[in-house]
Structures are given as structure tokens and as C-alpha cells.
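Trainee: First the structure, which I've put down as C-alpha cells, then a few questions once you've had a look.
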Protein chains: 4
Amino acid sequence: MIVIMEPGVAPEKTDAIIDRIKALGLGAHPIFGEAQTIVGVVGTPIPPTLEDEFSVQPGVLQVVRVSKKYKLTGWDFHPEKTQFTVRGVVIGGPEIAIMAGPCSVESEEQTVSTAKAVKAAGAHILRGGAYKPRTSPYEFRGLGRRGLEILAIAREETGMPIVTEVMTPADIDDVGEFTDIFQIGARNAQNYLLLEEVGKAGKPVMLKRGLSMMLEEWLLAAEYVMAQGNPHVILCERGIRTYEPLTRNTLDVSSVPVINGMSHLPVFIDPSHAAGKRALVPALALAGVAAGADGLMIEVHPSPDHALSDGAQSLTFDQFSALTPRIARVAAAVDRTLTVGNGARRAAD
Amino acid sequence: MIVIMEPGVAPEKTDAIIDRIKALGLGAHPIFGEAQTIVGVVGTPIPPTLEDEFSVQPGVLQVVRVSKKYKLTGWDFHPEKTQFTVRGVVIGGPEIAIMAGPCSVESEEQTVSTAKAVKAAGAHILRGGAYKPRTSPYEFRGLGRRGLEILAIAREETGMPIVTEVMTPADIDDVGEFTDIFQIGARNAQNYLLLEEVGKAGKPVMLKRGLSMMLEEWLLAAEYVMAQGNPHVILCERGIRTYEPLTRNTLDVSSVPVINGMSHLPVFIDPSHAAGKRALVPALALAGVAAGADGLMIEVHPSPDHALSDGAQSLTFDQFSALTPRIARVAAAVDRTLTVGNGARRAAD
Amino acid sequence: MIVIMEPGVAPEKTDAIIDRIKALGLGAHPIFGEAQTIVGVVGTPIPPTLEDEFSVQPGVLQVVRVSKKYKLTGWDFHPEKTQFTVRGVVIGGPEIAIMAGPCSVESEEQTVSTAKAVKAAGAHILRGGAYKPRTSPYEFRGLGRRGLEILAIAREETGMPIVTEVMTPADIDDVGEFTDIFQIGARNAQNYLLLEEVGKAGKPVMLKRGLSMMLEEWLLAAEYVMAQGNPHVILCERGIRTYEPLTRNTLDVSSVPVINGMSHLPVFIDPSHAAGKRALVPALALAGVAAGADGLMIEVHPSPDHALSDGAQSLTFDQFSALTPRIARVAAAVDRTLTVGNGARRAAD
Amino acid sequence: MIVIMEPGVAPEKTDAIIDRIKALGLGAHPIFGEAQTIVGVVGTPIPPTLEDEFSVQPGVLQVVRVSKKYKLTGWDFHPEKTQFTVRGVVIGGPEIAIMAGPCSVESEEQTVSTAKAVKAAGAHILRGGAYKPRTSPYEFRGLGRRGLEILAIAREETGMPIVTEVMTPADIDDVGEFTDIFQIGARNAQNYLLLEEVGKAGKPVMLKRGLSMMLEEWLLAAEYVMAQGNPHVILCERGIRTYEPLTRNTLDVSSVPVINGMSHLPVFIDPSHAAGKRALVPALALAGVAAGADGLMIEVHPSPDHALSDGAQSLTFDQFSALTPRIARVAAAVDRTLTVGNGARRAAD
């Protein structure tokens, strides 16, 4: 930690800082510049509240924290890229992992048909919401446990692992009975008790970025999961809130290379929620892969105009199977792979 | 709902929209302008997904929802300003209600001494966190149930009602056993299941605005609480996240008159979290009252430099008791009141 | 400047930084902590590009600039609050200075009648746009030089000084021939050549905050004006751009106490542009004064519904003269003054 | 235009709106729904201020503008994608046009060597700043006319056309004497008089997006240029300002598909200014091309650590010539081209 004193500060104010540092059993290293004095603090542990304390002391201009707050999610403690396998699907490897499916599970037929279509087009994992967070209490909120059962049926029929959102600790047992990957939604990205409980549940966790979450906060949220002994966390960028009204959110595509520089965790892109409009989904999906994303999460629905949620941003089967070959080409251009199934090839012809 | 067609759209595209409206048993009212056609939709119920569906149909430029999504929180269904009493303290009345106390409950002595000091200075309600949401898993997270017991002791000694945060449904029983008002923090402002559960608990709820929550979303979150039959909701503005680094958040003081125009619910201001620095707290508290806030929530600590959380933004006893007479003067200037105790008068002399 | 090295960095990388510092004739002061090394840089002048250079060197985690970039606008070089007089009106004194008038000068009658009305209600300075920046090229863009002449007539008839916007260096002579205070609009707040040219013109300058300008950048923009030898700069907060759609901009009321802590320059609030709706203007004006603003700029129009620009946010004469006595009361509550004329008192009765 | 009345509004308020519409010679088409009434306005011209006027009338909930504000930049009036040629370089065609060069022109040697290096690596157009906007008045502000002369020498030696920024109308003649494309910087993106003057100068204009400019505002700014009879406008996304501190700006990659849906103008991406750090530039450049950008603007410097401006975000020659073959691969994957020179191929081996 470094304490930067105001220019021309009275020496006793600097002395007071130094005395306080020493009283904590830490080392104080002042540097007296021509215009300003700074005091370096060395030793451990530095109390987490010391930054706050010093920042408002008389004569202090600014306090700079030197050490990173995140540990388990950073490269320093884990120099290998995280890679793991979910029912045979590799996350964090050279193959772009594609999660696709409806926003909400609405019926067995809708879900199973979507699962088959997206699998044929190259998707690896089936997404679908059984418990849906909705801005208004008067909107469709998912089928609950019945939705989970339908997802399991779709898995049975296609062999695809499933990812679905859990919104509250009380649902972890139910969701965990069925899902292969827990999804934590953007609105719960800083619901710390949920993060801890889901961290204990022994299955991979996909953590969406909160609506206005800084990248370091996102890693700290992932840290809550990892601190429970769960190393299998996926980060998923889904757009942040800005002033621009023409997109539902603003996809922060830079988050991919920045996180890749800070953390060993796989990073996915959700172009559907970022865009809010299906016409924009392909461009954002391709941009995400070009930027280095390890995977994509894309909403697909047999009849988007009649979807019970997020229809405007869902692709039809045809749109999705026309997209995956394009993703495969961009993946190859950045030395990644995507193996596209027959269904996709047919659509792409 | 209004559907605005693209300029020069082919008539059959407009017809398709009209047909779909009629198929739903609703009325379609097209208006053919020189440059553009619009179609008004009348009748109820309009399916909540219709906006999404129409927005991506061929030939549609834009869909405009006419009706407000919020109901119980709006003036239309509740033309009287909400006012209620918590252990004798009136919320939503002419008196500015002041919640004050430490960020975290750290010890009985710290909490009781703060309660006495803030009461003497004019505060009405004691705040204090027993369960603390922290960005990092490695920071102090509150005393838990012991913290609640300490708050109850402070209430016993001062007669002040208490407000404290609940972070997860599993804690509602414990927190509800002690608290007079449940606080929902900014990071849980869209944790809908928590909102519903706390709405059922039969005590007033103070709902902080989320970090990047639109005002309409905030009312919809309050709607989750009210839909459980709980009419006693307080909204608390605590700053939103912007690009400006010199304040922890940006206090959106306009939220006060805007919400007052939309909703009958009382609106409070939390200048401490908005500012992040104690030197800014007085100016923001006064601004909030001048803008029409019904109350304030302010962090006070016997020794802020040694606080276990948020020390930089906490006022000392002296600073707080110097502030309340200033608040009282501004309150009077906007035809509100604040009765300041002897402690405050002494400090103000 | 402080260079913070990565944890566990190879010593030769730190040595390279130290060598480079010495090669520049500066002093290098390394501090070797348990986990990390930092290097303090002392001496002058530190090249302005060194921060950039070091920030991307191998082994460097972060570079922290210690000295403030702004000089003339800061308290360090000017320990007295700036106060000056424009045709007898004191800016930066205990009296809240009120600028009021139409968004655009539309006609002599409209402008003179507004000038008389706002003066009667307590305003000190007449505002009015002769050259209008408009988002679209197809909107009304002001009367130009004829607008300036009308402002001068209104000054003649009322004795009020005038403030009007200048948009481009070529207009400085024309505008300067008439105006008492140059206004630089939000969209030109970082039009540096305009700032310099207007700085040379020998009259006070009111600098609006840019739509997404950081507070430090705002001071640096004022620094451009002051560096030309012009000490008479007013800063005017008019709302920043955020994601919230219900206000035109988000008034950053915290800017008032933050700037007051950094700079001796007077700070005004423009509640009209911040709100975008006249119903919100009074609350924001009162909040600004309570937060410590030195003045206000408020749009007033004889018939706002027929204004050629910004009608929705303009007050009527009656609304303005009902507002000034309320401002006067809040001003008194924060130990400032506003002397309200007979017109205002009548309206307030 | 559509006027949406409050639910349960008194009929005379709706009548007043209808009367006003008729008084303007326009057609009023009310639709009486169960809960609410709306009034469609048809006919032309609708006064541009009518939206403002109606929005604050008693009984009005909201006014919705139907027609688009932009004309010349939109597809409606120009159904072909804009494509033009600058000294043989095609803008808006299948080839990704690459502008590269130093942030600032510092010397003939620096500029000519950079021009040769970037040309060898596949760049088409030389960028370089002779007049530099700087946040602080104490930073390097460019060589001015001498910088323009150096750019012309580099053009002479390499055959590459040049693009350079003009900051103020008074410099248009000087800059126009040398440049092939005028650049308007982000801070001047709403400097409307500059846009008009540069629109008259008879050369292509590249318009960067302002720091917090909405996409529609950006098109309207381009409209200022095009309204002068200049059809050759390039839009360049360079990141918007958000709360995230780890990137200098947030690249809004969605702007590419959104603008492509609204406008026929070519869209470029500037990954250097968006990122602010050279390590992020490649990922953002590739993402931009994958999203459909027509070109890129990238900063390159012979010795970035000693650059007089923006060194941290500039690539070295080697980094740039390693990047262009990667861009070429992604371009091919989205059915675009980039022909990479020998220099690049060598570096890529």
C-alpha cells in the first residue's frame, strides 16, 4: 500500500501516518520528493480497512492499494488455463463450446425439438430457464421443477449436458438434482450467499457479469464460488448497461482479452442478451469468438414470436444453423475450432 | 400498445400485424399517415410478450407500450402518499426521518454508544449491519445473529426502532425476530425471490436502488414486495454507478422528484454510500432534503478510522450532531421539519 | 510518480525501470515489500509521457501519478475563493447569482419581456441563446447577430448583464461585442481551441460540464481558459449522461462539493438542462443551492409551449417567480442569500 | 407523432390536444382504448418543437416521435452502401481498409519509417496527428503545419493517402491543402460548425463517435457534413465512456451491426483508442472485423515507449505486421478481404 501525501503537507501529518503504520507492526518507507512525500507500507497482513482509514486522514491525498484483491481466479496462483469436461464436453479447450436453447423451458415438445435442432447445428450444451428472474412480478416466471424435468428429458434424448439458472439458495438442491452446470444470472452476480451455496454444490458454475459490474468485481464474485473449493467456474459476458438505447445492453467485447490477461477462467459471450434483437446476434457472436471467447450462449426457439420470454432476441432453428458454420470459420481464423453438425451444413448450403 | 410501421411498408405487412391483433381478440386501429402507418392496439389483456413479438416482425419500426408496468406502487391505484409508523416514528410525514448508525455492528459498546449519540442529535431510527454484503470474500462480513442481538439491546436502551439488512431468504426469520424494518441492499435490489419472501414477513421494507437500476425497474422491484400484501415500502436512493471516479457512486438526486411524481412511496437518500467520503456527506444530505426526500440514512461511527467497514464515509458523533441542525434548517426551508435533540444543539453551538 | 511492479517480478525488470529513471536525471527510490516491489520517482520535470511508457513495460503492474494535472484552477496556487463582479453582479459571493431567460432569443418582445419578468423575480443575469448547437441540422439554430442585438436591448432596458453561448472561434468577436459573459456549451467543453480563444477575449467565461466529462477533465478545460490569463471562469454543472431514461441527463449534484474541495472557481447548477422537464426544475434548483452552488442558470419563457427550443424544460414567468422565494429560503438555510424582488413576492403570495 | 394520454384523463384535456393539432393544419386521429386514449398526428410538416410542447401538457403521459430524424445518412434515401475511392484506396468495399500510423507526427524520420512499415504490412492509408487535442493544456499538442508537410512527404514516398485531424474551422484550409481525408475527433463530434465547414471542403470526412454519443446522434452529426453536399463520410467507433476502469474506453462493437442496419455509410473501428493498452488492440481489431466493420484505424509507432502521445496504446512495427495476417484470416472468414504485403508475411512466419 502506498500513501500519497498532499503537496506541502506539514511533517507531523506524515509522521502520524508513519506512527500508525508502525503501531500495526508494519514497515513504513517514506520517500521525500521535491513536491510531495509518499509513504510505502510493507509487511503482512495489512488490515483490509487500512486503505479506507488512511484515505480520509488529514494531509493524505490518495491511497493506492498495490496487491490484487482476487487470488484464486488470478494467474498468480493458477498459471494454467482452466479446462474441464462436462459430460464429455470440454470447456476452456480449443473447441468453442456452444450453449444454445430457449430462454424459458415452455413445454417438452418445445425444449426437445430445440435441443435436437441446436445439437444438429453444432451446439454442445442445452440451455433453458426453469426459474426465470423477471423485472416485473406480473410476467411469466418459468415452469419450476417441471421445467427441470423437461430439460432432463431433452438431455436423455440428445445426450447434451444442460445449463440452467438457479436464483435462490433454497432451489439449489432441486436444480442440482437435474442440471450439469449452474447458471447465476446477471441480477444475482453479487448475491454472495447464493454464490457460496452454489459453490458448495459440486458442479460447474457459469457466472454472468452483473449489469454494471467492474471486471475486478466479477473476478471477486467468482472468488466466492472458488473459495468453496469449486474450481469449475465459467465467466459469461452478457452486455453492460450504458446510455445507448438501440441495444438492450452494450456488449463489452474487451472484457474477453482483459479477463484473459487477469484470470485462467474460461470466458463466454452471450450475444442474445447483449443485443436484445435477433438481427444483431450473429455479428456479436462472431465478434466474441474473434476476441478470444471460449464459448457462446445463444437463445434459440422453435417459434420466437410466440416465446414466453425474450422472443425478440431468440434465433429460429434456421437462423441458428446458418450461424454455426460462420462461427466455425471465424473460430478457425483465430486458431480455434467448432465442429459443425450435418444439420448446420445443410442449412448453410 | 402502438405498432409503428416502417415508412413505405408494403400493405400486407401492416395487414399481418392487424390480423395477429384480431386473432388475439384485441382491437386494431390503424392510422395511415402521409409517410407512415401506425396501428393502435386496444383491449385487454394484451399478452406481455406481444411487444417483443411485434418488435421484430418484418416492416415494424418500433413498438411502444402505453400502459405502465407498475401498478401498486403508482399513484393511479393509491392516490394518497404512503405514511406509516414504526414504533412511533412516522415515515412519509412532514418530519424528515433520520436513520443513522454504524455501517456494521461491531460490538455492543460501539453500537449502543452510537445509538445514544445519534438519538441525542436528532436521529429517529438506528441502522447497523449484522449481515454485510462484501465485494470480496476476504473482508469482514458482519457478526450475524450476535449483531442482531446487539441492535436489540441498543433499541432497548434508546427506544429507537432498528433497520438492518437481510441478504438471503434463509435469514428472514432471524432478522425478522429482531428488526423493525428490513433493509434490502443495492446488490439484492433485483433478487426477486428475496423481495417476495421479505414481502411476506409482515414488517416494513426499505429497498435500496440497485447500482444501475432504472427508476421504473426500482418501482417494479417494490411491486414484488407490495404484491405480497405489504404496503410499507421505503425507497432509498444511494447513488448509481457512472464513469466519474471521484465519488464512490453518483447520487441521482433527481430520483426524488421523479419518483414523487410516479409513486406514493416514501423516498429516502443515503448520502454516505453515494459519496463514499465523509467530507461530501453533509452537502448531499442537505441536497436530498431540499429535493424533497422523506428521510435520510447516514453512517455514523464512534471512531470511523477504526471501523471494520466503510470507515471513510462514516461521520463522527461530532460531525453528525453538527449536521442535524443544518438539516433541520433546510427542512424548514422546504416546509418540512426535523426536531433536533439537545445533543445536536450542543454540538451546533 | 510511483511504479508498482508485478508480484514476483524478476529483479532485472525492476532494474530496467530504475535505470531508465536515472537516465532521465530523476531519482529512483525502490521499496522492496514481502510480496511486491514499488519504485518511487522523484525530481522534476517528469516527462508527461513517462506514465504511459512505464505502464506497458514488462513486469509493471500499474503506474500511479502523484501530482495533480491541474494547477491554476486548484487551491494550491490560489488559496482564495474566486469572486468577481459583472456589471455590479457579484459571482462567487454569499448571494446566489441567478441567470435566467429563454433558451433561444426568438424576438425582441419575447426577450425583453422575459428579462423584465426574471429581474422582477430576483434574477441577476439574463441568459439567451443567439447561436444554438442543435443535435440535428434541421432544427432552429438561433438568430445569430440579431439575437445578440436583442440581448443588448434587453440589457439596456433592465440593466442586467447578459450571458450567451459562443460556438466557434470565428464568432468570438461578434459575441464579445455584446455579451458580458461568454458561455461554452457542454458539447464544446473539450473544444480546446475555442477555450483558448475565448480565454483571450478578456471577459468572464462560463464553462458547462461536458456530457460525460470527469471532474478532473473539467478543471483541465477551465485550465485552458485560465492559462490565457483569464481568471474569471465559472463552472456550470448541467447533468451527465447515464442510462436513466426518465431525465434528460442525470444532475451530478455531488460535483458541487467535490469541485469546491478541489478548486477555487465558482460552481453553478443548470437544473433545466439536467431535468429536461419543467416539473423537475424546482427540486433540482433547491438541491443545487443546498449542496453549495454559487449560482443557478434557469430557462424561462413567456410561453414555453411555443418556444423554438427546449420548451419542455422552460418555466413560465409565474413558475419562476414562485420558485425564487423558495430558493431564497433554502439559500438562507445554508447561510447564503438571495434577494427576491417585488415580482417574486407577489407571485409567492 | 403519437400522443399518449394519462389513464383516466378528463376528456377536455384530450380535446385540447386535438384542437391544437387541428389548429396547426394537421390531422388528429384519437384511439380510445379501455384504459387509455392515444392521439395519432398525421400530416406535414409537424413543427419540430411540437414533441416538446405536447410532452408537458396536462394529461399527457408520453409523446412518441414516429419519423426518423436522420435522412441523408439513412437507407431510406440512399439504398446503396456508400463506396468511394481515395487515391486508389476503396472505402466501403470488400477489402478491409486499414489506416495506420503514429498518434502524433513527431519527425520526418518517425513518420516516413512508420508509413513504410505499415504499408509493407498491408495498411492502405497513413494516419498521423499534426494538431492534437489534449485533455491538459500542458501536454504536447502537435507540430501543426510542419506535421502536415511531413505527412505529405510520407505520402510522396509511399503513395499512401493520408488522414489527419482538423480541430477548428480556421485550420481547414491548411489541413485541406495536405490531407486526403479529414478526421473529426471524438471531442469535436458535436462541434456542429466545424462539421459544416469541413463538409464544404470537398474531401472525405472520417467522423469519430463522441465519448457518450448515442448512435442516432452520431448519424445526425454525419448529417451535418452530408447536408453540405459531401457524400463521403466514414463513421469510426473508438469506444464509449463507461464505469469500467480497466479499459480506456469501452469498445461498442454492436455499433457496427446497428449502424449497418440504419445507414449506408462505412463504419470503421479504432481499437487503439478503445483499449488504451496495446495488448488489447489485436483482439479488438479482430472483433471489429468479425462484426462487419469496413475498416480499422490502428496506432503504430517505431518506438512506442518514447512516443509523445498515446504510446501505451501504439503497436510496434513487429506487432503490427504480426497482426495484419490475423486480420486477413478473420476478414476472409466473414467474406471480406485484406491483402497483406510481404512485410507482414515475413513477420508472420
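Residue names in the C-alpha cells use chain letters A, B, ... in the order shown, residue numbers from 1 in each chain, and ligand numbers from 1 in the order shown.
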When the cut-off is 9 Å and we count only C-alpha atoms, which residues of chain C are near chain B, given as a ChimeraX atom specification?

Mentor: /C:212-216,241-247,250-258,274-275,279-280,282-292,326-334

Trainee: Could you pull out the strand (DSSP E) residues of region 179-228 of chain A, going by DSSP on the backbone, and write them as a list in words?

Mentor: Ile181, Phe182, Gln183, Ile184, Val205, Met206, Leu207 and Lys208 of chain A

Trainee: Rounded to one decimal place, report the CA of Arg65 (chain B)-CA of Thr135 (chain A) distance in Å.

Mentor: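 These two atoms are separated by 15.3 Å.
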
Trainee: One number please: CA of Pro133 (chain C) to CA of Met167 (chain C), in Å, one decimal.

Mentor: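 Value for the CA of Pro133 (chain C)-CA of Met167 (chain C) distance: 7.4 Å.
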
Trainee: Just the residues within 10 Å of Gly128 (chain A), please, counting only C-alpha atoms, with nothing from its chain fewer than 3 positions along; format it as a PyMOL selection string.

Mentor: chain A and resi 99-106+111+114-115+131-132+142+147-148+150-151+162-165+299-300

Trainee: Contacts of Leu61 (chain D) at 9 Å or less, counting only C-alpha atoms, minus same-chain residues fewer than 6 places along, as a list of chain:residue names?

Mentor: B:Val66, D:Val3, D:Ile4, D:Met5, D:Glu6, D:Pro7, D:Ser55

Trainee: Considering only alpha helix (DSSP H) as DSSP defines it on the backbone, what residues of region 35-137 of chain A qualify? List them as a list in words.

Mentor: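 Matching residues, listed in order: Leu50, Glu51, Asp52, Glu53, Phe54, Ser55, Glu108, Glu109, Gln110, Thr111, Val112, Ser113, Thr114, Ala115, Lys116, Ala117, Val118, Lys119 and Ala120 of chain A.
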
Trainee: What is the CA of Cys236 (chain A) to CA of Val175 (chain A) distance in Å?

Mentor: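 Computed distance, CA of Cys236 (chain A) to CA of Val175 (chain A), equals 19.5 Å.
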
Trainee: Can you pull out every residue within 10 Å of Thr44 (chain D), counting only C-alpha atoms, but drop anything in the same chain fewer than 4 positions away, and send it as an MDAnalysis selection string?

Mentor: (chainID B and resid 33:35) or (chainID D and resid 24:27)

Trainee: What would the file look like if the residues just selected were written as a compact mmCIF listing (two decimals), in the first residue's frame with C-alpha atoms?

Mentor:
# COMPACT_ATOMS: atom_id res chain seq x y z
CA GLY B 33 -50.22 8.95 -42.24
CA GLU B 34 -48.59 10.51 -45.29
CA ALA B 35 -45.26 8.95 -44.56
CA LEU D 24 -51.70 23.53 -36.98
CA GLY D 25 -53.44 22.17 -40.06
CA LEU D 26 -52.58 18.59 -39.16
CA GLY D 27 -54.82 15.57 -38.81

Trainee: My list of candidates is C:Ile153, C:Val86, C:Leu315, C:Val225. Which is closest to Leu193 (chain C) when distances are computed with only C-alpha atoms?

Mentor: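 Going through C:Ile153, C:Val86, C:Leu315, C:Val225 one by one, the smallest distance to Leu193 (chain C) is for C:Val225.
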